[in-house]
Amino acid sequence: MASGRTTAAERAAVDAVLGPPSSGWTGGGRDRLDGHVAFGGRSARERRRWLLPALHAVQDRLGWISPGALDYICTRLTIPPAEAYAVVSFYALFATEPQAPVVVHLCDDIACRCQGAEALCAAAEARFGPAGGTGAGDGITWVRSPCLGQCERGPAALIQSAAQAGAAPWSAAVAPATLEGIAAGLAAGAPGPPPVGPLPPQAVDGATDRLRLLRRTGRVDPGQLDSYRAHGGYQALRRAIELGPQGVIQELKASGLVGRGGAAFPTAVKWEAVAANPVRPHYAVCNGDESEPGTFKDRVLMEQDPFAVVEALTIMGFACGAEQGHCYVRGEYPLAIARLRHAIDRARDRGLLGSDVMGHGFRFDIEVHRGAGAYIAGEETALFNSAEGKRAEPRNKPPFPAQAGLFGQPTVINNVETLLNVLEVLEQGGAAYAATGTPGSAGTRLFCVSGCVDRPGLYEFEFGATLRQVLDAAGGVRAGRPLRTVLLGGAAGSFVGPDQLDLPLTFEGARAAGATLGSGVVMVFDDGVDLTDIVRRIARFFRDESCGQCVPCRVGTVRQEELLTRIATGRARGSTADELALLTDLGAAMRDASICGLGQTASTAVESAARLGLIATGGGGGGS
Amino acid sequence: MSVRFADLPRRLVSLTIDGRAVRVPEGTTLLEACRQEGIDTPTLCYVETLTPVNVCRVCVVEVEGARALVPACSRRAEAGMVVHTDSERVRLSRRMVLELLASSVDLSLAAPEVRAWMQRYGADASRMGPAAAPDGHHRDQAHPGHHRVGDGARAETVAQPVKVDNENYVRDYSRCILCYKCVGACGTDAQNTFAIAVAGRGFEARISTEHAVPLPDSACVYCGNCIAVCPTGALMFRSEHEMRQAGTWDESRQTVTTTICPYCGVGCNLELHVQDNTIVKVTSPLDHDVTRGNLCVKGRFGFEFVQRRTREG
């Protein structure tokens, strides 16, 4: 390592996570026996997974990760410095250059753009200077951020505050954000947890008793296990233990439950493949890294109903023969992480996790992993890499997670919403669950409604509801303006026109219309929104979030953004039709030749916008 | 080829490639199967001596029933697979990959086959626009998740100054296609030195030492095994770099002499590239039993004594 000495504060931050160093080999004092003991091999490699927690500790405490701090972490964990730097420079929430102790991340992504995000950024620039400054004056800087998952109450901000003057480091979301609100939050220091709710009305046909996944949110106390039990908590795990692992999987099969993360893969197939795999140990993973622009459902569930996530993950471990569960949550959700950790501790206190769950002799525990700012970490194999302390680069499939997932072991992974559906399946029974919704789409679905609607929020509907019903529930287009388009499924989804309001929001209905439900995003745009700007923001998002591993996505997302910029600014090369032909070629190559779903869907929304004529050619000639 | 000890007999699997019935041993990759059939398949990030990372995507083929194309270099043949290596989808993806690379990276020193592939697939990098001049913003300091939005008139590239920080070799990352080969060779595939890795992300992903420190401050041991696998001339002997700069590099005037390294008893094969009776670079054959193309600092760079013609102090 070339430069930098480790400061006492940096050592203390790392040691707080890793414990004191045990020998001279790992950064401690030299013992005379050190020369006779070999450190390395498997035991050293197994420490790799502590890299992200150690980096978080330094970033939280010091506000950036200096060469000296990275050097110390490498010594502690026996990681080559170049590899550790490769990891730290991958994640947006880590800084390798000194920065202001307080960083305000302002979301300027598509949902917040409809809520005045640009005006807030302009105000921040006037107040704090250009984005990414050193905060020379007041120790505060601001940066633009992709979607922070607070779309129902944008514009959103995330404050990262390093330890200052004896105060502990903290991080919190502010939404809706104003400069005054941010200033007040900073003056108050670490804010307490925001009050539970208020969530916007999520009634289905006015009948709240038909809510399934959301029936506890806003009603249950997310910090109290007893409150969760009083609302029917841990009935599903009890039922699972009665049924046995095979029985649980049979119920899932009967239910027809498919994954809610976007790919709509049958849940029972995944679970069964892992349960049947003779290689041990197995791992059960909850994917709470939702980062799809416009998506906030998993955040609401984790923040408001964390015990349900713990219970569902326990059932997953029970059914799939896993003794260790992992819950990976995006770093932009500090409250969800805190509440999940709290819920896990309470569950462990009561014997609902640990070596003898519910007194039925099976062992299960859960570890929470905190992401560090990378959309791609939500891709399941990238998530495994990230949890293992590596760059969140997706792996090539096959092998699939059921064969070789986390730490190379058979792994079952579902996102938060899917897991909560498992509770419903067990409580209702698979057959009863299958009877809800439509024949092709069983159960209920959460829709993240945002953008230009009267009451943005999280809405639960039985499958079969049309786009119009969802919009009506959210109060329709804001201020009665005409509807221009709806983005279905997030940045990786597609735009649909006002003529498709009767589209049934089911897997089969969306597929037939050439759209996707994706992560349940329903983002509404009225005729006042500059859609060209929205489409360019989507292109910027994919260019920023590409991991850079494969050529079609790494360079294709750059060319896509350049192309849109040319069209928007009236500098089309040749005719607009020529540009759109190039866009089609780029889209085809990214869809066909990229390693993972990010590249494969990076042009979906853009191309659908082009088809609907939503991309306006800017003035200044050049276009046709 | 290297000596192969007799393995347990492997089952044969039958598949169809471009309409031909093909039988290959279980575990064979589609690339090996294609080569067995004499189907020329372009590759950039693949080399026999390293673990396939399948990142360049130029070897993609169409497998019936698969939603996306699959990388031939790492996908194993399965019984009953129906593979197309020259379908419309394959041709378009290969063409786009080559166009995207050629529009962002200096491929002028890449193997001649690359130009042939570009011709075969009709790749025309100019479709992406004229190359942008480097904007002065140093790629080594790029923060993940952020970039400067240009006007789109010119195609962004990875152009940057050549890194010359040691006597042995230079790093010209404006020629880097990010094939990960050097990282594999520096890491567990050969040298286990781990001096370099892929840092940053997206278009700003780059091969880097920790904090982009110069090589003498890194863990580099100058084995040069990264140079041996670099497909585009991004990593190059300093002697070659300087001769190219001076316009004196002329491969037509070079001879290659195969010899054995004099330093130790391992017996590595050396190929001495000689121009005007001076050694200008040293390589080792990839298919050599002993080296698999790899050398150490002495074999690779320790040739000065051969041509030191004046006695110094």
# chains A, B, ... in the order shown; residues from 1 in each chain; ligands from 1
>>> interface_residues(of="chain B", to="chain A", cutoff="7 Å", atoms="only C-alpha atoms", output="number ranges by chain")
B: 55-57, 60, 68-69, 92-93, 96-97, 100, 144-146, 151-153, 194-203, 205, 209-211, 213, 217-218
>>> write_last_selection(atoms="N, CA and C atoms", output="tab-separated table (two decimals), in the first residue's frame")
chain	number	residue	atom	x	y	z
B	55	VAL	N	-17.28	-11.85	-20.49
B	55	VAL	CA	-17.73	-10.46	-20.38
B	55	VAL	C	-17.76	-9.71	-21.71
B	56	CYS	N	-17.00	-10.17	-22.72
B	56	CYS	CA	-16.96	-9.36	-23.94
B	56	CYS	C	-18.20	-9.59	-24.78
B	57	ARG	N	-18.79	-10.75	-24.68
B	57	ARG	CA	-20.05	-11.12	-25.34
B	57	ARG	C	-19.94	-11.18	-26.86
B	60	VAL	N	-21.19	-14.77	-28.40
B	60	VAL	CA	-22.55	-15.25	-28.11
B	60	VAL	C	-23.10	-16.10	-29.26
B	68	ALA	N	-32.26	-15.26	-23.88
B	68	ALA	CA	-31.19	-14.41	-24.39
B	68	ALA	C	-30.14	-15.29	-25.07
B	69	LEU	N	-29.18	-14.66	-25.74
B	69	LEU	CA	-28.08	-15.42	-26.32
B	69	LEU	C	-27.16	-15.89	-25.19
B	92	LEU	N	-26.28	-9.74	-35.32
B	92	LEU	CA	-26.50	-8.36	-34.87
B	92	LEU	C	-25.77	-8.10	-33.55
B	93	SER	N	-25.86	-9.05	-32.62
B	93	SER	CA	-25.20	-8.83	-31.32
B	93	SER	C	-23.69	-8.74	-31.49
B	96	MET	N	-22.87	-5.41	-32.99
B	96	MET	CA	-23.02	-4.29	-32.06
B	96	MET	C	-21.90	-4.28	-31.03
B	97	VAL	N	-21.52	-5.47	-30.53
B	97	VAL	CA	-20.44	-5.53	-29.55
B	97	VAL	C	-19.16	-4.95	-30.17
B	100	LEU	N	-19.56	-1.18	-30.58
B	100	LEU	CA	-19.49	-0.48	-29.29
B	100	LEU	C	-18.04	-0.41	-28.82
B	144	PRO	N	-18.49	6.35	-8.49
B	144	PRO	CA	-19.51	5.46	-9.05
B	144	PRO	C	-20.90	6.07	-8.98
B	145	GLY	N	-21.68	5.86	-10.03
B	145	GLY	CA	-23.05	6.33	-10.02
B	145	GLY	C	-23.21	7.77	-10.49
B	146	HIS	N	-22.11	8.39	-10.90
B	146	HIS	CA	-22.20	9.77	-11.37
B	146	HIS	C	-21.36	9.92	-12.62
B	151	ASP	N	-23.13	16.36	-24.69
B	151	ASP	CA	-24.20	16.77	-25.60
B	151	ASP	C	-24.55	15.69	-26.61
B	152	GLY	N	-23.86	14.56	-26.54
B	152	GLY	CA	-24.21	13.44	-27.40
B	152	GLY	C	-23.66	13.55	-28.80
B	153	ALA	N	-23.07	14.69	-29.14
B	153	ALA	CA	-22.62	14.88	-30.51
B	153	ALA	C	-21.43	13.96	-30.81
B	194	PHE	N	-2.26	-10.28	-7.22
B	194	PHE	CA	-3.40	-9.39	-6.93
B	194	PHE	C	-3.00	-7.92	-6.89
B	195	ALA	N	-2.16	-7.51	-7.83
B	195	ALA	CA	-1.75	-6.10	-7.84
B	195	ALA	C	-2.80	-5.22	-8.51
B	196	ILE	N	-3.62	-5.82	-9.36
B	196	ILE	CA	-4.62	-5.03	-10.08
B	196	ILE	C	-5.99	-5.70	-9.97
B	197	ALA	N	-7.01	-4.88	-10.14
B	197	ALA	CA	-8.38	-5.40	-10.15
B	197	ALA	C	-9.22	-4.41	-10.94
B	198	VAL	N	-10.45	-4.78	-11.22
B	198	VAL	CA	-11.35	-3.85	-11.90
B	198	VAL	C	-11.97	-2.94	-10.84
B	199	ALA	N	-11.69	-1.64	-10.93
B	199	ALA	CA	-12.24	-0.67	-9.99
B	199	ALA	C	-13.31	0.15	-10.70
B	200	GLY	N	-14.07	0.91	-9.90
B	200	GLY	CA	-15.12	1.74	-10.48
B	200	GLY	C	-16.23	0.87	-11.05
B	201	ARG	N	-17.18	1.52	-11.69
B	201	ARG	CA	-18.24	0.72	-12.30
B	201	ARG	C	-18.79	1.39	-13.55
B	202	GLY	N	-19.55	0.62	-14.30
B	202	GLY	CA	-20.14	1.14	-15.53
B	202	GLY	C	-19.06	1.49	-16.53
B	203	PHE	N	-19.32	2.56	-17.29
B	203	PHE	CA	-18.35	2.96	-18.31
B	203	PHE	C	-17.05	3.44	-17.67
B	205	ALA	N	-15.62	1.86	-15.25
B	205	ALA	CA	-14.88	0.71	-14.73
B	205	ALA	C	-13.50	0.70	-15.39
B	209	THR	N	-4.71	-0.27	-9.77
B	209	THR	CA	-4.11	-0.65	-8.50
B	209	THR	C	-4.94	0.01	-7.41
B	210	GLU	N	-4.62	-0.25	-6.15
B	210	GLU	CA	-5.35	0.41	-5.08
B	210	GLU	C	-5.12	1.92	-5.19
B	211	HIS	N	-6.20	2.68	-5.13
B	211	HIS	CA	-6.15	4.14	-5.22
B	211	HIS	C	-5.38	4.61	-6.45
B	213	VAL	N	-2.54	3.93	-7.49
B	213	VAL	CA	-1.13	4.28	-7.24
B	213	VAL	C	-0.28	3.75	-8.40
B	217	ASP	N	4.53	1.43	-6.52
B	217	ASP	CA	3.97	1.50	-5.16
B	217	ASP	C	2.94	0.41	-4.91
B	218	SER	N	2.70	-0.42	-5.91
B	218	SER	CA	1.67	-1.45	-5.77
B	218	SER	C	2.34	-2.79	-5.47
>>> residues_around(residues="segment 276-283 of chain B", least_positions_apart="3", cutoff="6 Å", atoms="only C-alpha atoms", output="JSON, numbers by chain")
{"B": [239, 270, 271, 272, 273, 300]}
>>> residues_around(residues="segment 33-42 of chain A", least_positions_apart="4", cutoff="12 Å", atoms="only C-alpha atoms", output="list in words")
Ser22, Ser23, Gly24, Trp25, Thr26, Gly27, Gly28, Gly29, Glu46, Arg47, Arg48, Thr75, Arg76, Leu77, Thr78 and Ile79 of chain A
>>> write_last_selection(atoms="N, CA, C and O atoms", output="mmCIF file, in the first residue's frame")
data_model
loop_
_atom_site.group_PDB
_atom_site.id
_atom_site.type_symbol
_atom_site.label_atom_id
_atom_site.label_comp_id
_atom_site.auth_asym_id
_atom_site.auth_seq_id
_atom_site.Cartn_x
_atom_site.Cartn_y
_atom_site.Cartn_z
ATOM 1 N N SER A 22 -6.038 -10.058 16.393
ATOM 2 C CA SER A 22 -5.600 -11.169 17.235
ATOM 3 C C SER A 22 -4.099 -11.410 17.149
ATOM 4 O O SER A 22 -3.548 -12.124 17.973
ATOM 5 N N SER A 23 -3.432 -10.847 16.162
ATOM 6 C CA SER A 23 -1.998 -11.099 16.062
ATOM 7 C C SER A 23 -1.351 -10.034 15.198
ATOM 8 O O SER A 23 -2.019 -9.179 14.622
ATOM 9 N N GLY A 24 -0.046 -10.107 15.099
ATOM 10 C CA GLY A 24 0.688 -9.180 14.258
ATOM 11 C C GLY A 24 0.326 -9.326 12.793
ATOM 12 O O GLY A 24 0.455 -8.389 12.012
ATOM 13 N N TRP A 25 -0.143 -10.501 12.432
ATOM 14 C CA TRP A 25 -0.499 -10.730 11.035
ATOM 15 C C TRP A 25 -1.723 -9.932 10.631
ATOM 16 O O TRP A 25 -1.915 -9.631 9.462
ATOM 17 N N THR A 26 -2.585 -9.664 11.589
ATOM 18 C CA THR A 26 -3.822 -8.968 11.241
ATOM 19 C C THR A 26 -3.873 -7.583 11.880
ATOM 20 O O THR A 26 -4.920 -7.114 12.290
ATOM 21 N N GLY A 27 -2.726 -6.957 11.974
ATOM 22 C CA GLY A 27 -2.720 -5.554 12.360
ATOM 23 C C GLY A 27 -2.518 -5.288 13.835
ATOM 24 O O GLY A 27 -2.519 -4.140 14.264
ATOM 25 N N GLY A 28 -2.367 -6.314 14.650
ATOM 26 C CA GLY A 28 -2.177 -6.100 16.066
ATOM 27 C C GLY A 28 -0.699 -6.055 16.425
ATOM 28 O O GLY A 28 0.174 -6.001 15.559
ATOM 29 N N GLY A 29 -0.412 -6.091 17.729
ATOM 30 C CA GLY A 29 0.970 -6.114 18.165
ATOM 31 C C GLY A 29 1.608 -7.458 17.834
ATOM 32 O O GLY A 29 0.928 -8.485 17.778
ATOM 33 N N GLU A 46 -12.496 -16.696 4.410
ATOM 34 C CA GLU A 46 -13.817 -16.569 5.016
ATOM 35 C C GLU A 46 -14.042 -15.208 5.656
ATOM 36 O O GLU A 46 -15.179 -14.827 5.911
ATOM 37 N N ARG A 47 -12.954 -14.487 5.913
ATOM 38 C CA ARG A 47 -13.129 -13.151 6.500
ATOM 39 C C ARG A 47 -13.542 -12.128 5.450
ATOM 40 O O ARG A 47 -13.913 -11.011 5.787
ATOM 41 N N ARG A 48 -13.459 -12.495 4.188
ATOM 42 C CA ARG A 48 -13.762 -11.554 3.112
ATOM 43 C C ARG A 48 -15.140 -10.923 3.275
ATOM 44 O O ARG A 48 -15.362 -9.770 2.955
ATOM 45 N N THR A 75 -5.388 -5.372 6.000
ATOM 46 C CA THR A 75 -4.538 -6.139 6.912
ATOM 47 C C THR A 75 -5.380 -7.020 7.820
ATOM 48 O O THR A 75 -5.081 -8.194 8.036
ATOM 49 N N ARG A 76 -6.456 -6.434 8.334
ATOM 50 C CA ARG A 76 -7.319 -7.186 9.247
ATOM 51 C C ARG A 76 -7.952 -8.397 8.562
ATOM 52 O O ARG A 76 -8.148 -9.447 9.166
ATOM 53 N N LEU A 77 -8.321 -8.218 7.289
ATOM 54 C CA LEU A 77 -9.113 -9.253 6.623
ATOM 55 C C LEU A 77 -8.301 -10.074 5.616
ATOM 56 O O LEU A 77 -8.843 -10.953 4.959
ATOM 57 N N THR A 78 -7.016 -9.776 5.496
ATOM 58 C CA THR A 78 -6.160 -10.463 4.522
ATOM 59 C C THR A 78 -6.754 -10.357 3.114
ATOM 60 O O THR A 78 -7.008 -11.347 2.432
ATOM 61 N N ILE A 79 -7.016 -9.124 2.703
ATOM 62 C CA ILE A 79 -7.535 -8.867 1.365
ATOM 63 C C ILE A 79 -6.495 -8.031 0.624
ATOM 64 O O ILE A 79 -5.967 -7.068 1.181
#
>>> residues_around(residues="Val104 of chain A", least_positions_apart="4", cutoff="9 Å", atoms="only C-alpha atoms", output="JSON, numbers by chain")
{"A": [140, 141, 142, 143, 144, 157, 158, 159, 160, 161, 182]}
>>> residues_around(residues="Cys179 of chain B", least_positions_apart="3", cutoff="12 Å", atoms="only C-alpha atoms", output="NGL selection string")
(:A and (548-551)) or (:B and (43-47 or 50-58 or 101 or 173 or 175-176 or 182-185 or 197-198 or 205-207 or 226 or 229-232 or 234))
>>> atom_distance(atom1="atom CA of Ala190 of chain B", atom2="atom CA of Arg139 of chain B")
27.8 Å
>>> select_by_dssp(residues="segment 91-307 of chain B", states="helix (DSSP H, G or I)", output="count of residues only")
74
>>> select_by_dssp(residues="segment 69-143 of chain B", states="strand (DSSP E or B)", output="PyMOL selection string")
chain B and resi 70-71+76+82-84+131
>>> write_last_selection(atoms="N, CA, C and O atoms", output="tab-separated table (two decimals), in the first residue's frame")
chain	number	residue	atom	x	y	z
B	70	VAL	N	-26.35	-16.90	-25.46
B	70	VAL	CA	-25.47	-17.41	-24.41
B	70	VAL	C	-24.02	-17.30	-24.86
B	70	VAL	O	-23.72	-17.39	-26.05
B	71	PRO	N	-23.10	-17.08	-23.91
B	71	PRO	CA	-21.69	-16.99	-24.27
B	71	PRO	C	-21.13	-18.39	-24.55
B	71	PRO	O	-21.17	-19.27	-23.68
B	76	ARG	N	-21.64	-24.76	-21.24
B	76	ARG	CA	-21.27	-26.14	-21.56
B	76	ARG	C	-22.35	-26.76	-22.45
B	76	ARG	O	-23.53	-26.46	-22.34
B	82	VAL	N	-29.88	-27.17	-29.36
B	82	VAL	CA	-29.86	-26.77	-30.77
B	82	VAL	C	-29.27	-25.37	-30.82
B	82	VAL	O	-29.84	-24.42	-30.27
B	83	VAL	N	-28.09	-25.27	-31.43
B	83	VAL	CA	-27.31	-24.04	-31.37
B	83	VAL	C	-27.20	-23.43	-32.76
B	83	VAL	O	-27.01	-24.15	-33.75
B	84	HIS	N	-27.37	-22.10	-32.83
B	84	HIS	CA	-27.15	-21.39	-34.09
B	84	HIS	C	-26.05	-20.37	-33.87
B	84	HIS	O	-26.12	-19.57	-32.96
B	131	ALA	N	-15.37	10.25	-32.43
B	131	ALA	CA	-14.89	10.03	-31.07
B	131	ALA	C	-14.72	11.36	-30.35
B	131	ALA	O	-14.23	12.33	-30.92
>>> atom_distance(atom1="atom CA of Val496 of chain A", atom2="atom CA of Arg478 of chain A")
18.1 Å
>>> residues_around(residues="segment 330-340 of chain A", least_positions_apart="3", cutoff="9 Å", atoms="only C-alpha atoms", output="MDAnalysis selection string")
chainID A and resid 93 148:149 158 170:173 193:194 222:223 288:291 299:307 309:310 327 343:345 368:375 377:378
>>> atom_distance(atom1="atom CA of Leu614 of chain A", atom2="atom CA of Ile534 of chain A")
9.8 Å
>>> residues_around(residues="Trp249 of chain B", least_positions_apart="2", cutoff="12 Å", atoms="only C-alpha atoms", output="list in words")
Phe237, Arg238, Ser239, Glu240, His241, Glu242, Met243, Arg244, Gln245, Ala246, Gly247, Glu251, Ser252, Arg253, Gln254, His273, Val274, Gln275, Asp276, Thr278, Val280 and Lys281 of chain B
>>> write_last_selection(atoms="N, CA, C and O atoms", output="PDB file, in the first residue's frame")
ATOM      1  N   PHE B 237       5.554  -3.860 -23.469  1.00  0.00           N
ATOM      2  CA  PHE B 237       6.929  -3.603 -23.039  1.00  0.00           C
ATOM      3  C   PHE B 237       7.242  -2.125 -23.240  1.00  0.00           C
ATOM      4  O   PHE B 237       6.884  -1.538 -24.259  1.00  0.00           O
ATOM      5  N   ARG B 238       7.960  -1.564 -22.293  1.00  0.00           N
ATOM      6  CA  ARG B 238       8.327  -0.145 -22.458  1.00  0.00           C
ATOM      7  C   ARG B 238       9.191   0.022 -23.697  1.00  0.00           C
ATOM      8  O   ARG B 238       9.077   1.020 -24.414  1.00  0.00           O
ATOM      9  N   SER B 239      10.040  -0.981 -23.962  1.00  0.00           N
ATOM     10  CA  SER B 239      10.896  -0.882 -25.152  1.00  0.00           C
ATOM     11  C   SER B 239      10.041  -0.798 -26.417  1.00  0.00           C
ATOM     12  O   SER B 239      10.293   0.030 -27.297  1.00  0.00           O
ATOM     13  N   GLU B 240       9.021  -1.641 -26.489  1.00  0.00           N
ATOM     14  CA  GLU B 240       8.149  -1.597 -27.666  1.00  0.00           C
ATOM     15  C   GLU B 240       7.412  -0.261 -27.745  1.00  0.00           C
ATOM     16  O   GLU B 240       7.314   0.351 -28.811  1.00  0.00           O
ATOM     17  N   HIS B 241       6.898   0.191 -26.602  1.00  0.00           N
ATOM     18  CA  HIS B 241       6.159   1.458 -26.572  1.00  0.00           C
ATOM     19  C   HIS B 241       7.038   2.595 -27.088  1.00  0.00           C
ATOM     20  O   HIS B 241       6.606   3.401 -27.915  1.00  0.00           O
ATOM     21  N   GLU B 242       8.275   2.645 -26.601  1.00  0.00           N
ATOM     22  CA  GLU B 242       9.141   3.761 -26.983  1.00  0.00           C
ATOM     23  C   GLU B 242       9.513   3.680 -28.457  1.00  0.00           C
ATOM     24  O   GLU B 242       9.597   4.699 -29.143  1.00  0.00           O
ATOM     25  N   MET B 243       9.746   2.451 -28.944  1.00  0.00           N
ATOM     26  CA  MET B 243      10.064   2.319 -30.369  1.00  0.00           C
ATOM     27  C   MET B 243       8.865   2.696 -31.238  1.00  0.00           C
ATOM     28  O   MET B 243       9.007   3.312 -32.289  1.00  0.00           O
ATOM     29  N   ARG B 244       7.668   2.337 -30.773  1.00  0.00           N
ATOM     30  CA  ARG B 244       6.483   2.741 -31.544  1.00  0.00           C
ATOM     31  C   ARG B 244       6.343   4.260 -31.558  1.00  0.00           C
ATOM     32  O   ARG B 244       5.988   4.855 -32.572  1.00  0.00           O
ATOM     33  N   GLN B 245       6.603   4.877 -30.399  1.00  0.00           N
ATOM     34  CA  GLN B 245       6.529   6.335 -30.326  1.00  0.00           C
ATOM     35  C   GLN B 245       7.515   6.963 -31.303  1.00  0.00           C
ATOM     36  O   GLN B 245       7.219   7.947 -31.972  1.00  0.00           O
ATOM     37  N   ALA B 246       8.699   6.365 -31.360  1.00  0.00           N
ATOM     38  CA  ALA B 246       9.767   6.921 -32.203  1.00  0.00           C
ATOM     39  C   ALA B 246       9.609   6.514 -33.669  1.00  0.00           C
ATOM     40  O   ALA B 246      10.355   6.964 -34.531  1.00  0.00           O
ATOM     41  N   GLY B 247       8.643   5.608 -33.902  1.00  0.00           N
ATOM     42  CA  GLY B 247       8.411   5.169 -35.281  1.00  0.00           C
ATOM     43  C   GLY B 247       9.433   4.153 -35.763  1.00  0.00           C
ATOM     44  O   GLY B 247       9.558   3.913 -36.961  1.00  0.00           O
ATOM     45  N   GLU B 251       7.929  -4.858 -37.201  1.00  0.00           N
ATOM     46  CA  GLU B 251       7.905  -6.305 -36.975  1.00  0.00           C
ATOM     47  C   GLU B 251       8.470  -7.077 -38.166  1.00  0.00           C
ATOM     48  O   GLU B 251       8.934  -8.199 -38.007  1.00  0.00           O
ATOM     49  N   SER B 252       8.434  -6.463 -39.333  1.00  0.00           N
ATOM     50  CA  SER B 252       8.965  -7.171 -40.501  1.00  0.00           C
ATOM     51  C   SER B 252      10.483  -7.330 -40.390  1.00  0.00           C
ATOM     52  O   SER B 252      11.065  -8.181 -41.053  1.00  0.00           O
ATOM     53  N   ARG B 253      11.098  -6.514 -39.553  1.00  0.00           N
ATOM     54  CA  ARG B 253      12.556  -6.620 -39.396  1.00  0.00           C
ATOM     55  C   ARG B 253      12.912  -7.414 -38.148  1.00  0.00           C
ATOM     56  O   ARG B 253      14.066  -7.446 -37.724  1.00  0.00           O
ATOM     57  N   GLN B 254      11.908  -8.020 -37.533  1.00  0.00           N
ATOM     58  CA  GLN B 254      12.183  -8.730 -36.283  1.00  0.00           C
ATOM     59  C   GLN B 254      12.286 -10.232 -36.518  1.00  0.00           C
ATOM     60  O   GLN B 254      11.613 -10.783 -37.380  1.00  0.00           O
ATOM     61  N   HIS B 273      12.274 -11.586 -29.080  1.00  0.00           N
ATOM     62  CA  HIS B 273      11.940 -10.820 -30.279  1.00  0.00           C
ATOM     63  C   HIS B 273      13.089  -9.839 -30.510  1.00  0.00           C
ATOM     64  O   HIS B 273      13.353  -8.984 -29.651  1.00  0.00           O
ATOM     65  N   VAL B 274      13.747  -9.982 -31.632  1.00  0.00           N
ATOM     66  CA  VAL B 274      14.983  -9.232 -31.860  1.00  0.00           C
ATOM     67  C   VAL B 274      14.827  -8.344 -33.091  1.00  0.00           C
ATOM     68  O   VAL B 274      14.385  -8.799 -34.141  1.00  0.00           O
ATOM     69  N   GLN B 275      15.141  -7.087 -32.904  1.00  0.00           N
ATOM     70  CA  GLN B 275      15.170  -6.172 -34.048  1.00  0.00           C
ATOM     71  C   GLN B 275      16.519  -5.463 -34.032  1.00  0.00           C
ATOM     72  O   GLN B 275      16.947  -4.957 -32.984  1.00  0.00           O
ATOM     73  N   ASP B 276      17.189  -5.443 -35.166  1.00  0.00           N
ATOM     74  CA  ASP B 276      18.506  -4.814 -35.281  1.00  0.00           C
ATOM     75  C   ASP B 276      19.471  -5.348 -34.229  1.00  0.00           C
ATOM     76  O   ASP B 276      20.162  -4.585 -33.554  1.00  0.00           O
ATOM     77  N   THR B 278      18.976  -6.398 -31.368  1.00  0.00           N
ATOM     78  CA  THR B 278      18.675  -6.006 -29.988  1.00  0.00           C
ATOM     79  C   THR B 278      17.363  -6.666 -29.569  1.00  0.00           C
ATOM     80  O   THR B 278      16.401  -6.680 -30.347  1.00  0.00           O
ATOM     81  N   VAL B 280      13.932  -6.777 -28.167  1.00  0.00           N
ATOM     82  CA  VAL B 280      12.959  -5.704 -27.930  1.00  0.00           C
ATOM     83  C   VAL B 280      11.792  -6.169 -27.060  1.00  0.00           C
ATOM     84  O   VAL B 280      11.115  -5.361 -26.446  1.00  0.00           O
ATOM     85  N   LYS B 281      11.552  -7.453 -27.034  1.00  0.00           N
ATOM     86  CA  LYS B 281      10.605  -7.962 -26.044  1.00  0.00           C
ATOM     87  C   LYS B 281      10.756  -9.471 -25.919  1.00  0.00           C
ATOM     88  O   LYS B 281      11.371 -10.114 -26.775  1.00  0.00           O
TER      89      LYS B 281
END
